[in-house]
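J.: Got a structure here, written out as structure tokens. Questions coming.
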Amino acid sequence: FPTRIIVSVNGHDAVLCDLSTGGCQVLTPGGKRLRPNQKVRIELPGDPPTLCAGRVVWARVETQGANGPSACRAGIE
């Protein structure tokens with residue numbers, strides 16, 4: 001995306017990394033972890049917002065540098 005898109009995943013802010021007809025990829029900052037098979041509710045920005053239900057297919061924790069903050073990158077179907 002040309003700009004950063006913030007979405008809500010279960011009420012917590014996340015960055016939308018990818019979006020397709022089959023699902024999306026999000027990055028949840030601050031250590032908010034998602035787990036495979038977890039059901040989630042995603043709110044995409046708009047007027048009105050678009051609400052979607054999904055399921056986490058994969059998730060991995062990422063860190064920024066040796067002492068940097070952690071984030072969770074997840075694929076949602």
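Labels for the structure tokens follow display order: chains A, B, ..., residues from 1 in each chain, ligands from 1.
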Please identify all polymer residues within 6 Å of region 16-28 of chain A, counting only C-alpha atoms, omitting same-chain residues fewer than 4 positions from it, and present them as JSON, numbers by chain.
T.: {"A": [5, 32, 71, 72, 73, 74, 75, 76, 77]}
J.: Could you save the residues just selected, with all heavy atoms, as a PDB file, in the first residue's frame?
T.:
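Once everything was written out, this is out31.pdb:
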ATOM      1  N   ILE A   5      -1.999   1.718   6.479  1.00  0.00           N
ATOM      2  CA  ILE A   5      -3.426   1.543   6.746  1.00  0.00           C
ATOM      3  C   ILE A   5      -3.576   0.856   8.097  1.00  0.00           C
ATOM      4  O   ILE A   5      -3.090  -0.263   8.294  1.00  0.00           O
ATOM      5  CB  ILE A   5      -4.108   0.725   5.638  1.00  0.00           C
ATOM      6  CG1 ILE A   5      -3.989   1.457   4.306  1.00  0.00           C
ATOM      7  CG2 ILE A   5      -5.572   0.462   5.987  1.00  0.00           C
ATOM      8  CD1 ILE A   5      -4.473   0.665   3.117  1.00  0.00           C
ATOM      9  N   LYS A  32       1.084  -7.603  20.922  1.00  0.00           N
ATOM     10  CA  LYS A  32      -0.263  -8.215  20.886  1.00  0.00           C
ATOM     11  C   LYS A  32      -0.191  -9.410  19.957  1.00  0.00           C
ATOM     12  O   LYS A  32      -0.106  -9.275  18.752  1.00  0.00           O
ATOM     13  CB  LYS A  32      -1.293  -7.190  20.419  1.00  0.00           C
ATOM     14  CG  LYS A  32      -2.687  -7.752  20.228  1.00  0.00           C
ATOM     15  CD  LYS A  32      -3.264  -8.247  21.539  1.00  0.00           C
ATOM     16  CE  LYS A  32      -4.650  -8.819  21.288  1.00  0.00           C
ATOM     17  NZ  LYS A  32      -5.045  -9.750  22.298  1.00  0.00           N
ATOM     18  N   ALA A  71       6.493  -7.486  17.708  1.00  0.00           N
ATOM     19  CA  ALA A  71       5.237  -7.370  16.982  1.00  0.00           C
ATOM     20  C   ALA A  71       4.857  -8.768  16.507  1.00  0.00           C
ATOM     21  O   ALA A  71       5.683  -9.671  16.482  1.00  0.00           O
ATOM     22  CB  ALA A  71       5.391  -6.424  15.797  1.00  0.00           C
ATOM     23  N   CYS A  72       3.602  -8.944  16.160  1.00  0.00           N
ATOM     24  CA  CYS A  72       3.150 -10.223  15.637  1.00  0.00           C
ATOM     25  C   CYS A  72       2.651 -10.011  14.217  1.00  0.00           C
ATOM     26  O   CYS A  72       1.805  -9.169  13.955  1.00  0.00           O
ATOM     27  CB  CYS A  72       2.029 -10.768  16.516  1.00  0.00           C
ATOM     28  SG  CYS A  72       1.382 -12.358  15.932  1.00  0.00           S
ATOM     29  N   ARG A  73       3.208 -10.760  13.282  1.00  0.00           N
ATOM     30  CA  ARG A  73       2.762 -10.741  11.889  1.00  0.00           C
ATOM     31  C   ARG A  73       1.891 -11.977  11.704  1.00  0.00           C
ATOM     32  O   ARG A  73       2.275 -13.078  12.088  1.00  0.00           O
ATOM     33  CB  ARG A  73       3.960 -10.771  10.939  1.00  0.00           C
ATOM     34  CG  ARG A  73       3.576 -10.638   9.479  1.00  0.00           C
ATOM     35  CD  ARG A  73       4.807 -10.550   8.605  1.00  0.00           C
ATOM     36  NE  ARG A  73       5.649  -9.411   8.925  1.00  0.00           N
ATOM     37  CZ  ARG A  73       5.513  -8.207   8.390  1.00  0.00           C
ATOM     38  NH1 ARG A  73       4.548  -7.968   7.514  1.00  0.00           N
ATOM     39  NH2 ARG A  73       6.343  -7.244   8.719  1.00  0.00           N
ATOM     40  N   ALA A  74       0.700 -11.808  11.120  1.00  0.00           N
ATOM     41  CA  ALA A  74      -0.222 -12.937  11.000  1.00  0.00           C
ATOM     42  C   ALA A  74      -0.961 -12.912   9.669  1.00  0.00           C
ATOM     43  O   ALA A  74      -1.267 -11.850   9.137  1.00  0.00           O
ATOM     44  CB  ALA A  74      -1.236 -12.896  12.135  1.00  0.00           C
ATOM     45  N   GLY A  75      -1.218 -14.105   9.180  1.00  0.00           N
ATOM     46  CA  GLY A  75      -2.052 -14.287   8.001  1.00  0.00           C
ATOM     47  C   GLY A  75      -3.445 -14.701   8.448  1.00  0.00           C
ATOM     48  O   GLY A  75      -3.586 -15.622   9.254  1.00  0.00           O
ATOM     49  N   ILE A  76      -4.456 -13.998   7.945  1.00  0.00           N
ATOM     50  CA  ILE A  76      -5.830 -14.244   8.357  1.00  0.00           C
ATOM     51  C   ILE A  76      -6.667 -14.612   7.143  1.00  0.00           C
ATOM     52  O   ILE A  76      -6.614 -13.946   6.109  1.00  0.00           O
ATOM     53  CB  ILE A  76      -6.407 -13.002   9.062  1.00  0.00           C
ATOM     54  CG1 ILE A  76      -5.573 -12.675  10.303  1.00  0.00           C
ATOM     55  CG2 ILE A  76      -7.878 -13.209   9.426  1.00  0.00           C
ATOM     56  CD1 ILE A  76      -5.905 -11.354  10.945  1.00  0.00           C
ATOM     57  N   GLU A  77      -7.435 -15.663   7.276  1.00  0.00           N
ATOM     58  CA  GLU A  77      -8.307 -16.136   6.202  1.00  0.00           C
ATOM     59  C   GLU A  77      -9.733 -15.743   6.528  1.00  0.00           C
ATOM     60  O   GLU A  77     -10.155 -15.822   7.679  1.00  0.00           O
ATOM     61  CB  GLU A  77      -8.209 -17.659   6.129  1.00  0.00           C
ATOM     62  CG  GLU A  77      -9.085 -18.284   5.087  1.00  0.00           C
ATOM     63  CD  GLU A  77      -8.891 -19.786   5.053  1.00  0.00           C
ATOM     64  OE1 GLU A  77      -9.138 -20.439   6.087  1.00  0.00           O
ATOM     65  OE2 GLU A  77      -8.441 -20.276   4.030  1.00  0.00           O
TER      66      GLU A  77
END
J.: Residues near Arg41 (chain A), anyone? I mean within 9 Å using only C-alpha atoms, not counting same-chain ones fewer than 6 positions away, as a ChimeraX atom specification.
T.: /A:8-11,51-55
J.: Please indicate the distance in Å from CA of Arg4 (chain A) to CA of Arg35 (chain A), rounded to one decimal place.
T.: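 Interatomic distance here is 23.5 Å.
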J.: Could you please write out, as a short mmCIF file (atom, residue, chain, number, x, y, z; two decimals) with all heavy atoms, in the first residue's frame, every residue of chain A that DSSP assigns to strand (DSSP E or B)?
T.:
data_model
loop_
_atom_site.label_atom_id
_atom_site.label_comp_id
_atom_site.auth_asym_id
_atom_site.auth_seq_id
_atom_site.Cartn_x
_atom_site.Cartn_y
_atom_site.Cartn_z
N ILE A 6 -4.26 1.53 9.01
CA ILE A 6 -4.50 0.98 10.35
C ILE A 6 -5.88 0.34 10.37
O ILE A 6 -6.87 0.96 9.96
CB ILE A 6 -4.41 2.08 11.43
CG1 ILE A 6 -3.05 2.79 11.37
CG2 ILE A 6 -4.67 1.49 12.81
CD1 ILE A 6 -1.87 1.90 11.64
N VAL A 7 -5.93 -0.90 10.80
CA VAL A 7 -7.19 -1.62 10.95
C VAL A 7 -7.34 -2.01 12.42
O VAL A 7 -6.40 -1.89 13.20
CB VAL A 7 -7.24 -2.88 10.05
CG1 VAL A 7 -7.14 -2.51 8.59
CG2 VAL A 7 -6.14 -3.87 10.41
N SER A 8 -8.49 -2.49 12.78
CA SER A 8 -8.73 -2.98 14.13
C SER A 8 -8.87 -4.51 14.08
O SER A 8 -9.65 -5.02 13.28
CB SER A 8 -10.00 -2.35 14.70
OG SER A 8 -10.31 -2.91 15.95
N VAL A 9 -8.11 -5.20 14.89
CA VAL A 9 -8.20 -6.66 15.00
C VAL A 9 -8.60 -6.97 16.44
O VAL A 9 -7.83 -6.71 17.37
CB VAL A 9 -6.87 -7.36 14.64
CG1 VAL A 9 -7.00 -8.86 14.81
CG2 VAL A 9 -6.46 -7.01 13.21
N HIS A 12 -8.00 -4.06 18.72
CA HIS A 12 -6.63 -3.53 18.86
C HIS A 12 -6.12 -3.06 17.50
O HIS A 12 -6.36 -3.72 16.48
CB HIS A 12 -5.69 -4.60 19.42
CG HIS A 12 -6.09 -5.09 20.77
ND1 HIS A 12 -5.81 -4.40 21.93
CD2 HIS A 12 -6.77 -6.20 21.15
CE1 HIS A 12 -6.29 -5.06 22.96
NE2 HIS A 12 -6.88 -6.16 22.51
N ASP A 13 -5.38 -1.95 17.48
CA ASP A 13 -4.83 -1.44 16.23
C ASP A 13 -3.81 -2.40 15.65
O ASP A 13 -3.04 -3.04 16.37
CB ASP A 13 -4.16 -0.09 16.45
CG ASP A 13 -5.16 1.04 16.60
OD1 ASP A 13 -6.36 0.83 16.33
OD2 ASP A 13 -4.73 2.15 16.98
N ALA A 14 -3.81 -2.50 14.31
CA ALA A 14 -2.84 -3.30 13.58
C ALA A 14 -2.61 -2.63 12.23
O ALA A 14 -3.44 -1.86 11.76
CB ALA A 14 -3.36 -4.73 13.37
N VAL A 15 -1.47 -2.93 11.62
CA VAL A 15 -1.15 -2.39 10.31
C VAL A 15 -1.53 -3.45 9.27
O VAL A 15 -1.15 -4.62 9.39
CB VAL A 15 0.36 -2.06 10.20
CG1 VAL A 15 0.71 -1.58 8.80
CG2 VAL A 15 0.74 -1.02 11.25
N LEU A 16 -2.29 -3.03 8.26
CA LEU A 16 -2.67 -3.93 7.18
C LEU A 16 -1.51 -4.00 6.20
O LEU A 16 -1.08 -2.99 5.64
CB LEU A 16 -3.93 -3.40 6.48
CG LEU A 16 -4.50 -4.25 5.37
CD1 LEU A 16 -5.00 -5.60 5.90
CD2 LEU A 16 -5.65 -3.51 4.68
N CYS A 17 -0.95 -5.19 5.99
CA CYS A 17 0.21 -5.38 5.12
C CYS A 17 -0.19 -5.88 3.74
O CYS A 17 0.49 -5.58 2.75
CB CYS A 17 1.18 -6.39 5.74
SG CYS A 17 1.79 -5.89 7.35
N ASP A 18 -1.25 -6.64 3.66
CA ASP A 18 -1.67 -7.26 2.40
C ASP A 18 -3.15 -7.56 2.50
O ASP A 18 -3.65 -7.88 3.59
CB ASP A 18 -0.87 -8.55 2.17
CG ASP A 18 -1.15 -9.18 0.82
OD1 ASP A 18 -1.43 -8.44 -0.14
OD2 ASP A 18 -1.12 -10.42 0.74
N LEU A 19 -3.84 -7.47 1.37
CA LEU A 19 -5.28 -7.75 1.34
C LEU A 19 -5.62 -8.41 0.02
O LEU A 19 -5.18 -7.95 -1.03
CB LEU A 19 -6.07 -6.44 1.51
CG LEU A 19 -7.59 -6.54 1.50
CD1 LEU A 19 -8.09 -7.32 2.71
CD2 LEU A 19 -8.19 -5.13 1.49
N SER A 20 -6.37 -9.50 0.08
CA SER A 20 -6.79 -10.20 -1.13
C SER A 20 -8.18 -10.78 -0.90
O SER A 20 -8.73 -10.68 0.20
CB SER A 20 -5.81 -11.32 -1.48
OG SER A 20 -5.89 -12.36 -0.53
N GLY A 23 -7.99 -13.32 2.04
CA GLY A 23 -7.64 -12.95 3.40
C GLY A 23 -6.75 -11.73 3.45
O GLY A 23 -6.71 -10.92 2.52
N CYS A 24 -6.00 -11.61 4.54
CA CYS A 24 -5.12 -10.46 4.71
C CYS A 24 -3.94 -10.84 5.59
O CYS A 24 -3.93 -11.88 6.23
CB CYS A 24 -5.88 -9.27 5.31
SG CYS A 24 -6.47 -9.52 6.99
N GLN A 25 -2.95 -9.94 5.60
CA GLN A 25 -1.81 -10.07 6.49
C GLN A 25 -1.76 -8.79 7.33
O GLN A 25 -1.91 -7.69 6.80
CB GLN A 25 -0.52 -10.21 5.70
CG GLN A 25 0.69 -10.42 6.57
CD GLN A 25 1.97 -10.49 5.75
OE1 GLN A 25 2.97 -9.95 6.17
NE2 GLN A 25 1.94 -11.15 4.60
N VAL A 26 -1.59 -8.95 8.63
CA VAL A 26 -1.53 -7.80 9.53
C VAL A 26 -0.30 -7.88 10.41
O VAL A 26 0.28 -8.95 10.62
CB VAL A 26 -2.80 -7.70 10.42
CG1 VAL A 26 -4.04 -7.48 9.58
CG2 VAL A 26 -2.95 -8.90 11.32
N LEU A 27 0.09 -6.72 10.92
CA LEU A 27 1.20 -6.61 11.86
C LEU A 27 0.65 -5.93 13.10
O LEU A 27 0.18 -4.80 13.03
CB LEU A 27 2.33 -5.81 11.25
CG LEU A 27 3.62 -5.70 12.05
CD1 LEU A 27 4.27 -7.07 12.22
CD2 LEU A 27 4.58 -4.75 11.36
N THR A 28 0.64 -6.64 14.22
CA THR A 28 0.11 -6.09 15.47
C THR A 28 1.28 -5.64 16.34
O THR A 28 2.04 -6.47 16.82
CB THR A 28 -0.75 -7.11 16.23
OG1 THR A 28 0.05 -8.24 16.57
CG2 THR A 28 -1.93 -7.56 15.41
N PRO A 29 1.45 -4.33 16.52
CA PRO A 29 2.57 -3.84 17.31
C PRO A 29 2.35 -4.04 18.80
O PRO A 29 1.25 -4.37 19.25
CB PRO A 29 2.62 -2.35 16.96
CG PRO A 29 1.22 -2.02 16.56
CD PRO A 29 0.64 -3.27 15.96
N LYS A 39 -10.10 -17.11 16.21
CA LYS A 39 -11.10 -16.35 15.47
C LYS A 39 -10.89 -14.87 15.76
O LYS A 39 -10.61 -14.49 16.90
CB LYS A 39 -12.50 -16.77 15.87
CG LYS A 39 -12.84 -18.17 15.43
CD LYS A 39 -14.25 -18.55 15.81
CE LYS A 39 -14.52 -19.99 15.39
NZ LYS A 39 -15.87 -20.41 15.77
N VAL A 40 -10.98 -14.05 14.71
CA VAL A 40 -10.77 -12.62 14.87
C VAL A 40 -11.86 -11.83 14.16
O VAL A 40 -12.52 -12.33 13.25
CB VAL A 40 -9.39 -12.17 14.32
CG1 VAL A 40 -8.26 -12.74 15.15
CG2 VAL A 40 -9.22 -12.54 12.87
N ARG A 41 -12.03 -10.60 14.61
CA ARG A 41 -12.95 -9.65 13.98
C ARG A 41 -12.09 -8.48 13.50
O ARG A 41 -11.35 -7.87 14.29
CB ARG A 41 -13.99 -9.17 14.99
CG ARG A 41 -15.07 -8.31 14.40
CD ARG A 41 -16.03 -7.81 15.47
NE ARG A 41 -15.40 -6.75 16.26
CZ ARG A 41 -14.96 -6.85 17.51
NH1 ARG A 41 -15.08 -7.99 18.16
NH2 ARG A 41 -14.41 -5.84 18.14
N ILE A 42 -12.16 -8.18 12.22
CA ILE A 42 -11.35 -7.12 11.62
C ILE A 42 -12.27 -6.00 11.17
O ILE A 42 -13.32 -6.25 10.56
CB ILE A 42 -10.55 -7.66 10.42
CG1 ILE A 42 -9.66 -8.81 10.87
CG2 ILE A 42 -9.74 -6.55 9.77
CD1 ILE A 42 -9.01 -9.54 9.74
N GLU A 43 -11.86 -4.77 11.47
CA GLU A 43 -12.60 -3.60 11.02
C GLU A 43 -11.69 -2.80 10.09
O GLU A 43 -10.63 -2.31 10.50
CB GLU A 43 -13.01 -2.74 12.22
CG GLU A 43 -13.86 -1.56 11.83
CD GLU A 43 -14.33 -0.78 13.04
OE1 GLU A 43 -14.77 -1.42 14.03
OE2 GLU A 43 -14.25 0.46 13.00
N LEU A 44 -12.11 -2.72 8.82
CA LEU A 44 -11.36 -1.96 7.83
C LEU A 44 -11.88 -0.52 7.82
O LEU A 44 -13.09 -0.30 7.93
CB LEU A 44 -11.52 -2.58 6.44
CG LEU A 44 -11.07 -4.04 6.31
CD1 LEU A 44 -11.49 -4.60 4.97
CD2 LEU A 44 -9.58 -4.14 6.49
N THR A 50 -15.84 -1.38 7.25
CA THR A 50 -16.19 -2.73 6.80
C THR A 50 -15.77 -3.72 7.88
O THR A 50 -14.61 -3.73 8.30
CB THR A 50 -15.47 -3.07 5.48
OG1 THR A 50 -15.85 -2.11 4.49
CG2 THR A 50 -15.83 -4.46 5.00
N LEU A 51 -16.72 -4.52 8.34
CA LEU A 51 -16.44 -5.51 9.38
C LEU A 51 -16.30 -6.89 8.74
O LEU A 51 -17.12 -7.27 7.90
CB LEU A 51 -17.55 -5.53 10.42
CG LEU A 51 -17.79 -4.20 11.14
CD1 LEU A 51 -19.02 -4.30 12.03
CD2 LEU A 51 -16.57 -3.81 11.94
N CYS A 52 -15.29 -7.63 9.14
CA CYS A 52 -15.03 -8.97 8.60
C CYS A 52 -14.73 -9.93 9.74
O CYS A 52 -14.09 -9.55 10.72
CB CYS A 52 -13.83 -8.96 7.66
SG CYS A 52 -13.91 -7.77 6.33
N ALA A 53 -15.14 -11.16 9.57
CA ALA A 53 -14.77 -12.23 10.51
C ALA A 53 -13.70 -13.08 9.84
O ALA A 53 -13.72 -13.27 8.63
CB ALA A 53 -15.99 -13.08 10.86
N GLY A 54 -12.75 -13.56 10.62
CA GLY A 54 -11.70 -14.36 10.05
C GLY A 54 -11.11 -15.32 11.06
O GLY A 54 -11.54 -15.40 12.21
N ARG A 55 -10.10 -16.06 10.57
CA ARG A 55 -9.39 -17.05 11.39
C ARG A 55 -7.91 -16.92 11.08
O ARG A 55 -7.51 -16.86 9.92
CB ARG A 55 -9.89 -18.45 11.05
CG ARG A 55 -9.22 -19.57 11.83
CD ARG A 55 -9.73 -20.94 11.38
NE ARG A 55 -9.44 -21.23 9.99
CZ ARG A 55 -8.30 -21.75 9.54
NH1 ARG A 55 -7.33 -22.05 10.37
NH2 ARG A 55 -8.13 -21.98 8.25
N VAL A 56 -7.09 -16.89 12.11
CA VAL A 56 -5.64 -16.78 11.94
C VAL A 56 -5.13 -18.11 11.39
O VAL A 56 -5.38 -19.17 11.96
CB VAL A 56 -4.94 -16.43 13.27
CG1 VAL A 56 -3.44 -16.42 13.09
CG2 VAL A 56 -5.45 -15.10 13.81
N VAL A 57 -4.44 -18.06 10.25
CA VAL A 57 -3.89 -19.26 9.62
C VAL A 57 -2.46 -19.49 10.09
O VAL A 57 -2.05 -20.61 10.34
CB VAL A 57 -3.95 -19.13 8.08
CG1 VAL A 57 -3.34 -20.34 7.40
CG2 VAL A 57 -5.38 -18.94 7.61
N TRP A 58 -1.69 -18.42 10.18
CA TRP A 58 -0.31 -18.51 10.67
C TRP A 58 0.03 -17.22 11.41
O TRP A 58 -0.59 -16.18 11.18
CB TRP A 58 0.69 -18.76 9.54
CG TRP A 58 0.68 -17.71 8.46
CD1 TRP A 58 -0.06 -17.72 7.32
CD2 TRP A 58 1.41 -16.48 8.46
NE1 TRP A 58 0.17 -16.57 6.59
CE2 TRP A 58 1.07 -15.80 7.27
CE3 TRP A 58 2.31 -15.89 9.33
CZ2 TRP A 58 1.61 -14.55 6.94
CZ3 TRP A 58 2.85 -14.65 8.99
CH2 TRP A 58 2.50 -14.01 7.81
N ALA A 59 1.00 -17.30 12.31
CA ALA A 59 1.45 -16.13 13.05
C ALA A 59 2.89 -16.33 13.48
O ALA A 59 3.30 -17.45 13.78
CB ALA A 59 0.56 -15.90 14.27
N ARG A 60 3.64 -15.23 13.51
CA ARG A 60 5.02 -15.28 14.00
C ARG A 60 5.36 -13.97 14.69
O ARG A 60 4.91 -12.91 14.31
CB ARG A 60 5.99 -15.60 12.89
CG ARG A 60 6.19 -14.49 11.90
CD ARG A 60 7.34 -14.83 10.94
NE ARG A 60 7.52 -13.75 9.99
CZ ARG A 60 7.21 -13.81 8.72
NH1 ARG A 60 6.72 -14.90 8.19
NH2 ARG A 60 7.40 -12.77 7.94
N VAL A 61 6.18 -14.07 15.72
CA VAL A 61 6.62 -12.90 16.48
C VAL A 61 7.87 -12.34 15.80
O VAL A 61 8.75 -13.09 15.39
CB VAL A 61 6.93 -13.27 17.94
CG1 VAL A 61 7.52 -12.09 18.69
CG2 VAL A 61 5.68 -13.77 18.63
N GLU A 62 7.91 -11.01 15.67
CA GLU A 62 9.06 -10.33 15.08
C GLU A 62 9.57 -9.30 16.08
O GLU A 62 8.79 -8.70 16.80
CB GLU A 62 8.67 -9.63 13.78
CG GLU A 62 8.19 -10.57 12.71
CD GLU A 62 7.84 -9.86 11.42
OE1 GLU A 62 7.84 -8.61 11.39
OE2 GLU A 62 7.56 -10.55 10.43
N THR A 63 10.88 -9.11 16.11
CA THR A 63 11.46 -8.07 16.95
C THR A 63 12.23 -7.10 16.07
O THR A 63 12.71 -7.47 14.99
CB THR A 63 12.41 -8.64 18.02
OG1 THR A 63 13.42 -9.39 17.36
CG2 THR A 63 11.68 -9.52 19.00
N SER A 70 8.55 -5.89 20.19
CA SER A 70 8.11 -7.04 19.41
C SER A 70 6.78 -6.74 18.75
O SER A 70 6.05 -5.83 19.15
CB SER A 70 7.99 -8.27 20.29
OG SER A 70 6.97 -8.08 21.25
N ALA A 71 6.49 -7.49 17.71
CA ALA A 71 5.24 -7.37 16.98
C ALA A 71 4.86 -8.77 16.51
O ALA A 71 5.68 -9.67 16.48
CB ALA A 71 5.39 -6.42 15.80
N CYS A 72 3.60 -8.94 16.16
CA CYS A 72 3.15 -10.22 15.64
C CYS A 72 2.65 -10.01 14.22
O CYS A 72 1.81 -9.17 13.95
CB CYS A 72 2.03 -10.77 16.52
SG CYS A 72 1.38 -12.36 15.93
N ARG A 73 3.21 -10.76 13.28
CA ARG A 73 2.76 -10.74 11.89
C ARG A 73 1.89 -11.98 11.70
O ARG A 73 2.28 -13.08 12.09
CB ARG A 73 3.96 -10.77 10.94
CG ARG A 73 3.58 -10.64 9.48
CD ARG A 73 4.81 -10.55 8.60
NE ARG A 73 5.65 -9.41 8.92
CZ ARG A 73 5.51 -8.21 8.39
NH1 ARG A 73 4.55 -7.97 7.51
NH2 ARG A 73 6.34 -7.24 8.72
N ALA A 74 0.70 -11.81 11.12
CA ALA A 74 -0.22 -12.94 11.00
C ALA A 74 -0.96 -12.91 9.67
O ALA A 74 -1.27 -11.85 9.14
CB ALA A 74 -1.24 -12.90 12.13
N GLY A 75 -1.22 -14.10 9.18
CA GLY A 75 -2.05 -14.29 8.00
C GLY A 75 -3.45 -14.70 8.45
O GLY A 75 -3.59 -15.62 9.25
N ILE A 76 -4.46 -14.00 7.95
CA ILE A 76 -5.83 -14.24 8.36
C ILE A 76 -6.67 -14.61 7.14
O ILE A 76 -6.61 -13.95 6.11
CB ILE A 76 -6.41 -13.00 9.06
CG1 ILE A 76 -5.57 -12.67 10.30
CG2 ILE A 76 -7.88 -13.21 9.43
CD1 ILE A 76 -5.91 -11.35 10.95
#
